[in-house]
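Listing of my_file.pdb, PDB, C-alpha atoms and all ligand atoms
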ATOM      1  CA  MET V 171       0.000   0.000   0.000  1.00  0.00           C
ATOM      2  CA  SER V 172       1.428   3.363  -0.938  1.00  0.00           C
ATOM      3  CA  GLN V 173       0.387   5.873   1.690  1.00  0.00           C
ATOM      4  CA  GLU V 174       2.176   8.814   0.158  1.00  0.00           C
ATOM      5  CA  ASN V 175      -0.455   9.928  -2.349  1.00  0.00           C
ATOM      6  CA  VAL V 176      -2.819  11.036   0.406  1.00  0.00           C
ATOM      7  CA  GLU V 177      -4.594  14.360  -0.075  1.00  0.00           C
ATOM      8  CA  ARG V 178      -3.346  16.750   2.596  1.00  0.00           C
ATOM      9  CA  PHE V 179      -5.358  19.641   4.010  1.00  0.00           C
ATOM     10  CA  CYS V 180      -2.347  21.921   4.430  1.00  0.00           C
ATOM     11  CA  GLU V 181      -1.337  21.546   0.800  1.00  0.00           C
ATOM     12  CA  LEU V 182      -4.605  23.114  -0.342  1.00  0.00           C
ATOM     13  CA  THR V 183      -4.738  26.856  -0.913  1.00  0.00           C
ATOM     14  CA  SER V 184      -7.010  29.270   0.871  1.00  0.00           C
ATOM     15  CA  GLN V 185      -8.667  29.887  -2.478  1.00  0.00           C
ATOM     16  CA  ASN V 186      -9.605  26.281  -3.084  1.00  0.00           C
ATOM     17  CA  VAL V 187      -9.956  24.845   0.451  1.00  0.00           C
ATOM     18  CA  ARG V 188     -13.739  25.308   0.798  1.00  0.00           C
ATOM     19  CA  GLN V 189     -14.417  23.699  -2.548  1.00  0.00           C
ATOM     20  CA  ALA V 190     -11.920  20.902  -1.902  1.00  0.00           C
ATOM     21  CA  VAL V 191     -13.378  19.845   1.479  1.00  0.00           C
ATOM     22  CA  GLU V 192     -17.059  20.322   0.568  1.00  0.00           C
ATOM     23  CA  GLY V 193     -18.937  17.080   1.277  1.00  0.00           C
ATOM     24  CA  ARG V 194     -15.700  15.215   2.118  1.00  0.00           C
ATOM     25  CA  ILE V 195     -14.357  13.417   5.182  1.00  0.00           C
ATOM     26  CA  LEU V 196     -11.577  15.130   7.167  1.00  0.00           C
ATOM     27  CA  VAL V 197      -9.226  12.911   9.174  1.00  0.00           C
ATOM     28  CA  TRP V 198      -7.152  14.241  12.075  1.00  0.00           C
ATOM     29  CA  PRO V 199      -4.508  11.974  13.665  1.00  0.00           C
ATOM     30  CA  ILE V 200      -3.584  12.916  17.240  1.00  0.00           C
ATOM     31  CA  GLY V 201      -0.445  11.496  18.805  1.00  0.00           C
ATOM     32  CA  GLY V 202       1.957  12.177  21.646  1.00  0.00           C
ATOM     33  CA  ILE V 203       5.657  12.236  22.480  1.00  0.00           C
ATOM     34  CA  GLU V 204       6.608   9.886  25.303  1.00  0.00           C
ATOM     35  CA  GLN V 205       9.117   7.203  26.202  1.00  0.00           C
ATOM     36  CA  HIS V 206       8.374   3.759  24.759  1.00  0.00           C
ATOM     37  CA  GLY V 207      10.973   1.611  26.437  1.00  0.00           C
ATOM     38  CA  PRO V 208      14.513   0.958  25.202  1.00  0.00           C
ATOM     39  CA  HIS V 209      13.380  -0.471  21.856  1.00  0.00           C
ATOM     40  CA  LEU V 210      10.945   2.070  20.405  1.00  0.00           C
ATOM     41  CA  PRO V 211      11.186   5.789  19.517  1.00  0.00           C
ATOM     42  CA  LEU V 212       9.402   8.635  21.312  1.00  0.00           C
ATOM     43  CA  ASN V 213       6.864   9.099  18.532  1.00  0.00           C
ATOM     44  CA  VAL V 214       5.162   5.669  18.491  1.00  0.00           C
ATOM     45  CA  ASP V 215       1.856   7.219  19.600  1.00  0.00           C
ATOM     46  CA  ALA V 216       2.078   9.576  16.613  1.00  0.00           C
ATOM     47  CA  LEU V 217       3.295   7.233  13.867  1.00  0.00           C
ATOM     48  CA  ILE V 218       0.591   4.598  14.466  1.00  0.00           C
ATOM     49  CA  PRO V 219      -2.516   6.848  14.281  1.00  0.00           C
ATOM     50  CA  GLU V 220      -0.931   8.690  11.358  1.00  0.00           C
ATOM     51  CA  ALA V 221      -0.636   5.397   9.454  1.00  0.00           C
ATOM     52  CA  PHE V 222      -4.305   4.548  10.168  1.00  0.00           C
ATOM     53  CA  ALA V 223      -5.316   8.078   9.134  1.00  0.00           C
ATOM     54  CA  LYS V 224      -3.472   7.711   5.820  1.00  0.00           C
ATOM     55  CA  ALA V 225      -5.141   4.347   5.215  1.00  0.00           C
ATOM     56  CA  LEU V 226      -8.567   5.842   5.937  1.00  0.00           C
ATOM     57  CA  CYS V 227      -7.866   8.705   3.522  1.00  0.00           C
ATOM     58  CA  LEU V 228      -7.099   6.160   0.789  1.00  0.00           C
ATOM     59  CA  ASP V 229     -10.130   3.978   1.665  1.00  0.00           C
ATOM     60  CA  HIS V 230     -12.675   6.819   1.779  1.00  0.00           C
ATOM     61  CA  GLU V 231     -11.031   9.491  -0.415  1.00  0.00           C
ATOM     62  CA  ALA V 232     -10.726  11.618   2.701  1.00  0.00           C
ATOM     63  CA  ILE V 233      -8.427  14.592   3.362  1.00  0.00           C
ATOM     64  CA  MET V 234      -5.789  14.406   6.099  1.00  0.00           C
ATOM     65  CA  LEU V 235      -5.077  17.166   8.598  1.00  0.00           C
ATOM     66  CA  PRO V 236      -1.507  17.398   9.907  1.00  0.00           C
ATOM     67  CA  LEU V 237      -0.700  15.163  12.860  1.00  0.00           C
ATOM     68  CA  LEU V 238      -0.970  16.814  16.284  1.00  0.00           C
ATOM     69  CA  PRO V 239       2.258  15.598  17.943  1.00  0.00           C
ATOM     70  CA  ILE V 240       2.042  17.085  21.454  1.00  0.00           C
ATOM     71  CA  SER V 241      -0.562  15.845  23.875  1.00  0.00           C
ATOM     72  CA  VAL V 242      -1.237  15.306  27.576  1.00  0.00           C
ATOM     73  CA  ARG V 243       1.047  13.769  30.172  1.00  0.00           C
ATOM     74  CA  SER V 244       2.148  10.159  30.429  1.00  0.00           C
ATOM     75  CA  LEU V 245       0.947   8.364  33.552  1.00  0.00           C
ATOM     76  CA  PRO V 246       2.797   5.578  35.429  1.00  0.00           C
ATOM     77  CA  GLN V 247       0.055   2.933  35.032  1.00  0.00           C
ATOM     78  CA  SER V 248      -0.521   3.470  31.314  1.00  0.00           C
ATOM     79  CA  GLY V 249       2.502   5.224  29.804  1.00  0.00           C
ATOM     80  CA  GLY V 250       5.366   4.656  32.211  1.00  0.00           C
ATOM     81  CA  GLY V 251       5.251   8.168  33.665  1.00  0.00           C
ATOM     82  CA  LEU V 252       7.265  11.358  33.646  1.00  0.00           C
ATOM     83  CA  GLN V 253      10.352   9.980  35.394  1.00  0.00           C
ATOM     84  CA  PHE V 254      11.504   8.859  31.940  1.00  0.00           C
ATOM     85  CA  PRO V 255      13.121  11.612  29.859  1.00  0.00           C
ATOM     86  CA  GLY V 256      11.611  12.574  26.513  1.00  0.00           C
ATOM     87  CA  THR V 257       7.927  12.986  27.292  1.00  0.00           C
ATOM     88  CA  VAL V 258       6.773  16.375  25.982  1.00  0.00           C
ATOM     89  CA  PHE V 259       3.277  17.327  27.072  1.00  0.00           C
ATOM     90  CA  VAL V 260       0.800  20.063  27.867  1.00  0.00           C
ATOM     91  CA  GLU V 261      -1.674  20.034  30.760  1.00  0.00           C
ATOM     92  CA  GLY V 262      -5.179  18.678  30.201  1.00  0.00           C
ATOM     93  CA  GLY V 263      -6.890  22.093  30.302  1.00  0.00           C
ATOM     94  CA  THR V 264      -4.447  23.504  27.735  1.00  0.00           C
ATOM     95  CA  PHE V 265      -4.977  20.469  25.502  1.00  0.00           C
ATOM     96  CA  ILE V 266      -8.771  20.819  25.633  1.00  0.00           C
ATOM     97  CA  ASP V 267      -8.554  24.567  24.887  1.00  0.00           C
ATOM     98  CA  TYR V 268      -6.196  23.945  21.949  1.00  0.00           C
ATOM     99  CA  LEU V 269      -8.437  21.257  20.488  1.00  0.00           C
ATOM    100  CA  GLU V 270     -11.666  23.155  21.066  1.00  0.00           C
ATOM    101  CA  GLN V 271     -10.377  26.329  19.403  1.00  0.00           C
ATOM    102  CA  SER V 272      -8.846  24.419  16.471  1.00  0.00           C
ATOM    103  CA  LEU V 273     -12.049  22.415  15.992  1.00  0.00           C
ATOM    104  CA  ARG V 274     -14.148  25.593  16.055  1.00  0.00           C
ATOM    105  CA  SER V 275     -12.072  27.063  13.201  1.00  0.00           C
ATOM    106  CA  LEU V 276     -12.283  23.803  11.266  1.00  0.00           C
ATOM    107  CA  ALA V 277     -16.041  23.604  11.785  1.00  0.00           C
ATOM    108  CA  SER V 278     -16.545  26.665   9.572  1.00  0.00           C
ATOM    109  CA  LEU V 279     -15.533  24.542   6.568  1.00  0.00           C
ATOM    110  CA  PRO V 280     -18.161  22.508   4.683  1.00  0.00           C
ATOM    111  CA  PHE V 281     -16.828  18.950   5.283  1.00  0.00           C
ATOM    112  CA  ARG V 282     -19.420  16.190   5.829  1.00  0.00           C
ATOM    113  CA  GLN V 283     -17.663  14.113   8.467  1.00  0.00           C
ATOM    114  CA  LEU V 284     -14.749  14.600  10.861  1.00  0.00           C
ATOM    115  CA  VAL V 285     -12.752  11.584  12.062  1.00  0.00           C
ATOM    116  CA  ILE V 286     -10.172  11.875  14.857  1.00  0.00           C
ATOM    117  CA  ILE V 287      -7.811   8.932  15.374  1.00  0.00           C
ATOM    118  CA  ASN V 288      -5.947   8.974  18.689  1.00  0.00           C
ATOM    119  CA  GLY V 289      -2.710   7.121  19.481  1.00  0.00           C
ATOM    120  CA  HIS V 290      -1.880   8.205  23.080  1.00  0.00           C
ATOM    121  CA  TYR V 291      -3.817   6.435  25.848  1.00  0.00           C
ATOM    122  CA  GLU V 292      -4.223   9.408  28.180  1.00  0.00           C
ATOM    123  CA  ASN V 293      -5.621  11.740  25.468  1.00  0.00           C
ATOM    124  CA  GLU V 294      -8.955  10.064  25.014  1.00  0.00           C
ATOM    125  CA  GLY V 295     -11.218  11.779  27.555  1.00  0.00           C
ATOM    126  CA  PHE V 296      -9.774  15.215  26.758  1.00  0.00           C
ATOM    127  CA  ILE V 297     -10.465  14.798  23.038  1.00  0.00           C
ATOM    128  CA  PHE V 298     -14.054  13.763  23.755  1.00  0.00           C
ATOM    129  CA  GLU V 299     -14.556  16.751  26.051  1.00  0.00           C
ATOM    130  CA  ALA V 300     -13.209  19.235  23.472  1.00  0.00           C
ATOM    131  CA  LEU V 301     -15.484  17.770  20.801  1.00  0.00           C
ATOM    132  CA  ASP V 302     -18.448  17.942  23.116  1.00  0.00           C
ATOM    133  CA  LYS V 303     -17.789  21.609  23.852  1.00  0.00           C
ATOM    134  CA  VAL V 304     -17.856  22.370  20.118  1.00  0.00           C
ATOM    135  CA  ARG V 305     -21.017  20.261  19.735  1.00  0.00           C
ATOM    136  CA  ALA V 306     -22.702  22.170  22.581  1.00  0.00           C
ATOM    137  CA  GLN V 307     -21.941  25.415  20.753  1.00  0.00           C
ATOM    138  CA  GLY V 308     -23.617  24.030  17.627  1.00  0.00           C
ATOM    139  CA  GLY V 309     -20.279  23.936  15.815  1.00  0.00           C
ATOM    140  CA  PHE V 310     -20.853  20.695  13.955  1.00  0.00           C
ATOM    141  CA  GLY V 311     -24.510  21.239  13.032  1.00  0.00           C
ATOM    142  CA  GLN V 312     -25.902  18.006  11.586  1.00  0.00           C
ATOM    143  CA  ARG V 313     -22.493  16.700  10.496  1.00  0.00           C
ATOM    144  CA  SER V 314     -21.142  13.434  11.807  1.00  0.00           C
ATOM    145  CA  VAL V 315     -18.090  13.267  14.047  1.00  0.00           C
ATOM    146  CA  LEU V 316     -16.178  10.170  15.052  1.00  0.00           C
ATOM    147  CA  ALA V 317     -13.288  10.111  17.513  1.00  0.00           C
ATOM    148  CA  PHE V 318     -11.588   7.013  18.848  1.00  0.00           C
ATOM    149  CA  SER V 319      -8.296   5.531  19.907  1.00  0.00           C
ATOM    150  CA  TRP V 320      -7.064   2.999  17.350  1.00  0.00           C
ATOM    151  CA  TRP V 321      -7.119   0.140  19.877  1.00  0.00           C
ATOM    152  CA  SER V 322     -10.863   0.682  20.413  1.00  0.00           C
ATOM    153  CA  MET V 323     -11.305  -0.751  16.915  1.00  0.00           C
ATOM    154  CA  VAL V 324      -9.730  -4.093  17.828  1.00  0.00           C
ATOM    155  CA  ASP V 325     -12.305  -6.859  18.141  1.00  0.00           C
ATOM    156  CA  GLU V 326     -12.099  -8.872  21.389  1.00  0.00           C
ATOM    157  CA  ARG V 327     -12.251 -12.119  19.386  1.00  0.00           C
ATOM    158  CA  TRP V 328      -9.223 -10.997  17.363  1.00  0.00           C
ATOM    159  CA  VAL V 329      -7.288 -10.407  20.599  1.00  0.00           C
ATOM    160  CA  ALA V 330      -8.345 -13.790  22.032  1.00  0.00           C
ATOM    161  CA  GLU V 331      -7.224 -15.600  18.877  1.00  0.00           C
ATOM    162  CA  GLN V 332      -4.013 -13.726  18.131  1.00  0.00           C
ATOM    163  CA  LEU V 333      -2.740 -12.574  21.543  1.00  0.00           C
ATOM    164  CA  PRO V 334      -3.564 -15.163  24.217  1.00  0.00           C
ATOM    165  CA  GLU V 335      -1.468 -13.433  26.910  1.00  0.00           C
ATOM    166  CA  PHE V 336      -2.897  -9.985  26.252  1.00  0.00           C
ATOM    167  CA  PRO V 337      -2.573  -7.777  29.397  1.00  0.00           C
ATOM    168  CA  GLY V 338      -5.290  -5.168  28.579  1.00  0.00           C
ATOM    169  CA  TRP V 339      -4.917  -1.992  26.549  1.00  0.00           C
ATOM    170  CA  HIS V 340      -3.920   0.184  29.531  1.00  0.00           C
ATOM    171  CA  ALA V 341      -0.789  -2.004  29.898  1.00  0.00           C
ATOM    172  CA  GLU V 342      -0.045  -2.263  26.203  1.00  0.00           C
ATOM    173  CA  HIS V 343       2.252   0.742  26.308  1.00  0.00           C
ATOM    174  CA  ALA V 344       5.371  -0.237  24.292  1.00  0.00           C
ATOM    175  CA  GLY V 345       4.058  -3.810  24.495  1.00  0.00           C
ATOM    176  CA  ILE V 346       3.283  -6.469  21.930  1.00  0.00           C
ATOM    177  CA  THR V 347       0.800  -4.511  19.772  1.00  0.00           C
ATOM    178  CA  GLU V 348       2.748  -1.242  19.531  1.00  0.00           C
ATOM    179  CA  THR V 349       6.026  -3.094  18.995  1.00  0.00           C
ATOM    180  CA  SER V 350       4.474  -5.322  16.317  1.00  0.00           C
ATOM    181  CA  LEU V 351       2.804  -2.408  14.525  1.00  0.00           C
ATOM    182  CA  MET V 352       6.112  -0.544  14.531  1.00  0.00           C
ATOM    183  CA  LEU V 353       7.908  -3.642  13.158  1.00  0.00           C
ATOM    184  CA  HIS V 354       5.337  -3.648  10.343  1.00  0.00           C
ATOM    185  CA  LEU V 355       5.222   0.110   9.657  1.00  0.00           C
ATOM    186  CA  HIS V 356       8.686   1.436  10.573  1.00  0.00           C
ATOM    187  CA  PRO V 357      11.065  -1.485  11.225  1.00  0.00           C
ATOM    188  CA  GLN V 358      14.104   0.775  10.884  1.00  0.00           C
ATOM    189  CA  LEU V 359      13.027   2.601  14.078  1.00  0.00           C
ATOM    190  CA  VAL V 360      12.759  -0.541  16.236  1.00  0.00           C
ATOM    191  CA  HIS V 361      15.758  -1.674  18.261  1.00  0.00           C
ATOM    192  CA  ALA V 362      16.571  -5.337  18.850  1.00  0.00           C
ATOM    193  CA  GLN V 363      15.697  -5.517  22.574  1.00  0.00           C
ATOM    194  CA  ARG V 364      12.376  -7.163  23.515  1.00  0.00           C
ATOM    195  CA  PRO V 365      11.917  -6.291  27.190  1.00  0.00           C
ATOM    196  CA  ASP V 366       9.342  -8.245  29.179  1.00  0.00           C
ATOM    197  CA  HIS V 367       7.528  -6.929  32.235  1.00  0.00           C
ATOM    198  CA  GLU V 368       5.984  -9.781  34.194  1.00  0.00           C
ATOM    199  CA  HIS V 369       3.466  -7.825  36.279  1.00  0.00           C
ATOM    200  CA  PRO V 370       1.286  -5.546  34.153  1.00  0.00           C
ATOM    201  CA  PRO V 371      -0.427  -2.814  36.217  1.00  0.00           C
ATOM    202  CA  ARG V 372      -4.112  -2.905  37.127  1.00  0.00           C
ATOM    203  CA  CYS V 373      -6.309  -0.720  34.970  1.00  0.00           C
ATOM    204  CA  GLY V 374      -7.661   2.516  36.448  1.00  0.00           C
ATOM    205  CA  VAL V 375      -5.340   2.840  39.451  1.00  0.00           C
ATOM    206  CA  TYR V 376      -3.130   5.814  40.372  1.00  0.00           C
ATOM    207  CA  GLN V 377      -0.634   4.808  43.025  1.00  0.00           C
ATOM    208  CA  LEU V 378       1.920   6.748  45.094  1.00  0.00           C
ATOM    209  CA  PRO V 379       4.661   6.159  45.928  1.00  0.00           C
ATOM    210  CA  LEU V 380       5.394   4.572  42.587  1.00  0.00           C
ATOM    211  CA  ARG V 381       6.571   0.981  42.945  1.00  0.00           C
ATOM    212  CA  ALA V 382      10.192   0.450  41.932  1.00  0.00           C
ATOM    213  CA  ASP V 383       9.090  -2.540  39.831  1.00  0.00           C
ATOM    214  CA  ALA V 384       6.217  -0.687  38.101  1.00  0.00           C
ATOM    215  CA  SER V 385       7.777  -1.278  34.677  1.00  0.00           C
ATOM    216  CA  THR V 386      10.763  -2.801  32.900  1.00  0.00           C
ATOM    217  CA  GLN V 387      12.618   0.243  31.555  1.00  0.00           C
ATOM    218  CA  GLY V 388       9.245   1.864  30.844  1.00  0.00           C
ATOM    219  CA  VAL V 389       7.604  -1.247  29.365  1.00  0.00           C
ATOM    220  CA  LEU V 390       4.428  -2.336  31.199  1.00  0.00           C
ATOM    221  CA  SER V 391       3.868  -5.801  29.704  1.00  0.00           C
ATOM    222  CA  LYS V 392       5.553  -8.389  27.455  1.00  0.00           C
ATOM    223  CA  THR V 393       7.144  -7.595  24.110  1.00  0.00           C
ATOM    224  CA  SER V 394       9.081 -10.805  23.425  1.00  0.00           C
ATOM    225  CA  ALA V 395       6.437 -12.305  21.107  1.00  0.00           C
ATOM    226  CA  SER V 396       6.203  -9.159  18.932  1.00  0.00           C
ATOM    227  CA  SER V 397       6.580  -9.575  15.180  1.00  0.00           C
ATOM    228  CA  ALA V 398       6.033  -7.757  11.922  1.00  0.00           C
ATOM    229  CA  ASP V 399       3.544 -10.484  11.022  1.00  0.00           C
ATOM    230  CA  ILE V 400       1.338  -9.698  14.050  1.00  0.00           C
ATOM    231  CA  GLY V 401       1.722  -6.011  13.201  1.00  0.00           C
ATOM    232  CA  GLN V 402       0.617  -6.569   9.624  1.00  0.00           C
ATOM    233  CA  LYS V 403      -2.453  -8.589  10.718  1.00  0.00           C
ATOM    234  CA  LEU V 404      -3.373  -6.042  13.399  1.00  0.00           C
ATOM    235  CA  PHE V 405      -2.996  -3.152  10.975  1.00  0.00           C
ATOM    236  CA  ALA V 406      -5.235  -4.853   8.408  1.00  0.00           C
ATOM    237  CA  HIS V 407      -7.843  -5.692  11.105  1.00  0.00           C
ATOM    238  CA  VAL V 408      -8.002  -2.153  12.504  1.00  0.00           C
ATOM    239  CA  ARG V 409      -7.978  -0.615   9.037  1.00  0.00           C
ATOM    240  CA  ARG V 410     -11.000  -2.710   8.061  1.00  0.00           C
ATOM    241  CA  GLN V 411     -12.860  -1.897  11.292  1.00  0.00           C
ATOM    242  CA  ILE V 412     -12.256   1.841  10.799  1.00  0.00           C
ATOM    243  CA  GLN V 413     -13.308   1.641   7.170  1.00  0.00           C
ATOM    244  CA  ASP V 414     -16.561  -0.128   8.131  1.00  0.00           C
ATOM    245  CA  MET V 415     -17.409   2.186  11.025  1.00  0.00           C
ATOM    246  CA  VAL V 416     -16.822   5.343   8.997  1.00  0.00           C
ATOM    247  CA  GLY V 417     -18.994   3.924   6.218  1.00  0.00           C
ATOM    248  CA  GLU V 418     -21.790   2.994   8.671  1.00  0.00           C
ATOM    249  CA  VAL V 419     -21.819   6.415  10.306  1.00  0.00           C
ATOM    250  CA  ASP V 420     -21.877   8.006   6.863  1.00  0.00           C
ATOM    251  CA  ALA V 421     -24.845   5.865   5.800  1.00  0.00           C
ATOM    252  CA  GLN V 422     -26.874   7.015   8.848  1.00  0.00           C
ATOM    253  CA  ARG V 423     -26.771  10.661   7.822  1.00  0.00           C
TER     254      ARG V 423
HETATM  255 ZN    ZN X 501       2.163   4.182  23.040  1.00  0.00          ZN
END

Would you encode the structure as structure tokens?
Amino acid sequence: MSQENVERFCELTSQNVRQAVEGRILVWPIGGIEQHGPHLPLNVDALIPEAFAKALCLDHEAIMLPLLPISVRSLPQSGGGLQFPGTVFVEGGTFIDYLEQSLRSLASLPFRQLVIINGHYENEGFIFEALDKVRAQGGFGQRSVLAFSWWSMVDERWVAEQLPEFPGWHAEHAGITETSLMLHLHPQLVHAQRPDHEHPPRCGVYQLPLRADASTQGVLSKTSASSADIGQKLFAHVRRQIQDMVGEVDAQR
């Protein structure tokens, strides 16, 4: 699949942007910059949603907005936490304000559907809140809006069949799915280590003081079974789920 011939919002001109987006789907990938263990780069949470956004643009002739790279903080039970260097973040209120104001400007354009694809676990609630503020102001009118984290598209049966030791999405930070997707999408950015963490955290717990064994070098679960093959299957599965959901929401209009 060539993802490079995607139509990009920022390459339009002011003169032709209204006409170009009229009746079309706009796709906005939202990422994050945070540590992903010793084997993955800081921009995993950006590269993965960007790849799904490009695929969606090809599948639905949609237009892609530029990736938003900076997001909210990394937390110990889902991202490893801020004791690891490299995480660049803004506070939740700032993130909501940024999104809300950007979405309000976008909403003046005549697109038919907006799709936001998130790649950073902690962003989700803030994205939903910003969208809901714009909705409450009447910003979207009757247009459809979809926002989700890419892992929300993964069918539970797929996980049960393909990943029998799956620890839960909160603990998947730098784990088997992100490592495998990166081996499929950007193998040159993946280092040879496959750290395993034997005790994935519980979901939905904030704990102080932080346990010394909370992660293995920032990895919250096992990575040793990761492969490009799993990444390729997972990418195809999520791509299909996104394609179907966007089509269904479109058909309900
Ligand atoms: Zn991640």

For atom CA of V:Ser275 and atom CA of V:Ser322, determine how far apart the two atoms are, in Å to one decimal place.
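Atom CA of V:Ser322 lies at a distance of 27.4 Å from atom CA of V:Ser275.
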
Name every residue that the PyMOL selection byres (((not hetatm)) within 6 of (chain X and resi 501)) selects in this structure, writing the answer as an MDAnalysis selection string with chains first and numbers rising.
chainID V and resid 214:215 290 343:344

Could you check which of V:Leu390, V:Leu380, V:Ile400, V:Val304 is closest to V:Trp339, using all atoms listed in the file?
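Closest to V:Trp339, using all atoms listed in the file: V:Leu390.
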
V:Glu342, V:Glu348, V:Glu270, V:Asp366 ranked by distance to V:Gln247, top pick (using all atoms listed in the file):
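For V:Gln247, the nearest of the given residues is V:Glu342.
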
To one decimal in Å, tell me the separation between atom CA of V:Lys403 and atom CA of V:Gly201.
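Distance between the two atoms: 21.7 Å.
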
Atomic separation - atom CA of V:Ser391 relative to atom CA of V:Pro246, Å
12.8 Å

Go through V:Gly262, V:Pro255, V:Gly417, V:Gly249 and flag the residue nearest V:Pro371, using all atoms listed in the file for the distances.
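That would be V:Gly249, the residue with the smallest distance to V:Pro371.
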
Within 8 Å of V:Ile412, counting only C-alpha atoms, which residues show up once you throw out same-chain ones fewer than 4 positions away? Write them as a PyMOL selection string, please.
chain V and resi 226+323+408+416

Apply the PyMOL selection byres (((chain V and resi 389) around 10) and not hetatm) to the displayed file and report the matching residues as a ChimeraX atom specification.
/V:205-209,248-250,341-345,364-368,370,384-388,390-393

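Of the listed residues V:Thr264, V:Gln358, V:Gln185, V:Gln402, the one whose atoms come nearest to V:Phe296 is V:Thr264, with distances taken using all atoms listed in the file.
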
Nearest to V:Leu237, restricted to all atoms listed in the file and choosing among V:Ser319, V:Asn288, V:Asn293, V:Thr257, comes out as V:Asn288

For V:Pro280, which residue among V:Arg372, V:Arg194, V:Arg423, V:Arg409 is the nearest when counting all atoms listed in the file?
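Residue with the minimum atom-to-atom distance to V:Pro280: V:Arg194.
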
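If you count only C-alpha atoms and ignore residues fewer than 6 places along the chain from V:Phe298, what sits within 10 Å of it is Ile266, Leu269, Ile286, Leu316, Ala317 and Phe318 of chain V.
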
Applying the PyMOL selection byres (((chain V and resi 404) around 10) and not hetatm) to the file I just gave you, which residues come out? Please list them as a ChimeraX atom specification.
/V:321,324,328-329,332,347-348,350-351,354,398-403,405-410

Just write the chosen residues, C-alpha atoms, as an mmCIF file, keeping the file's coordinate frame.
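Final output, saved to selection.cif:
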data_model
loop_
_atom_site.group_PDB
_atom_site.id
_atom_site.type_symbol
_atom_site.label_atom_id
_atom_site.label_comp_id
_atom_site.auth_asym_id
_atom_site.auth_seq_id
_atom_site.Cartn_x
_atom_site.Cartn_y
_atom_site.Cartn_z
ATOM 1 C CA TRP V 321 -7.119 0.140 19.877
ATOM 2 C CA VAL V 324 -9.730 -4.093 17.828
ATOM 3 C CA TRP V 328 -9.223 -10.997 17.363
ATOM 4 C CA VAL V 329 -7.288 -10.407 20.599
ATOM 5 C CA GLN V 332 -4.013 -13.726 18.131
ATOM 6 C CA THR V 347 0.800 -4.511 19.772
ATOM 7 C CA GLU V 348 2.748 -1.242 19.531
ATOM 8 C CA SER V 350 4.474 -5.322 16.317
ATOM 9 C CA LEU V 351 2.804 -2.408 14.525
ATOM 10 C CA HIS V 354 5.337 -3.648 10.343
ATOM 11 C CA ALA V 398 6.033 -7.757 11.922
ATOM 12 C CA ASP V 399 3.544 -10.484 11.022
ATOM 13 C CA ILE V 400 1.338 -9.698 14.050
ATOM 14 C CA GLY V 401 1.722 -6.011 13.201
ATOM 15 C CA GLN V 402 0.617 -6.569 9.624
ATOM 16 C CA LYS V 403 -2.453 -8.589 10.718
ATOM 17 C CA PHE V 405 -2.996 -3.152 10.975
ATOM 18 C CA ALA V 406 -5.235 -4.853 8.408
ATOM 19 C CA HIS V 407 -7.843 -5.692 11.105
ATOM 20 C CA VAL V 408 -8.002 -2.153 12.504
ATOM 21 C CA ARG V 409 -7.978 -0.615 9.037
ATOM 22 C CA ARG V 410 -11.000 -2.710 8.061
#

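Non-sequential neighbours of V:Lys303 (distance at most 12 Å, separation of 4 or more positions within a chain, all atoms listed in the file) are Ile266, Asp267, Tyr268, Leu269, Glu270, Gln271, Ser272, Leu273, Arg274, Phe296, Ile297, Phe298, Glu299, Gln307, Gly308, Gly309 and Phe310 of chain V.
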
Report as a list in words all protein, DNA and RNA residues lying within 9 Å of V:Arg282, evaluated on only C-alpha atoms, omitting residues in the same chain fewer than 5 positions from it.
Val191, Glu192, Gly193, Arg194, Ile195, Leu196, Gln312, Arg313, Ser314, Val315 and Asp420 of chain V

List the spatial neighbours of V:Ala216 as a PyMOL selection string - criterion: any atom at most 7 Å away, only C-alpha atoms, same-chain residues fewer than 2 positions off excluded.
chain V and resi 200-202+213-214+218-220+239+289

All file atoms of stretch 225-234 of chain V boxed axis-aligned, 8 Å per side, centre plus edges, as lines of an AutoDock Vina configuration file:
center_x = -8.9
center_y = 9.3
center_z = 2.8
size_x = 23.5
size_y = 26.6
size_z = 22.5
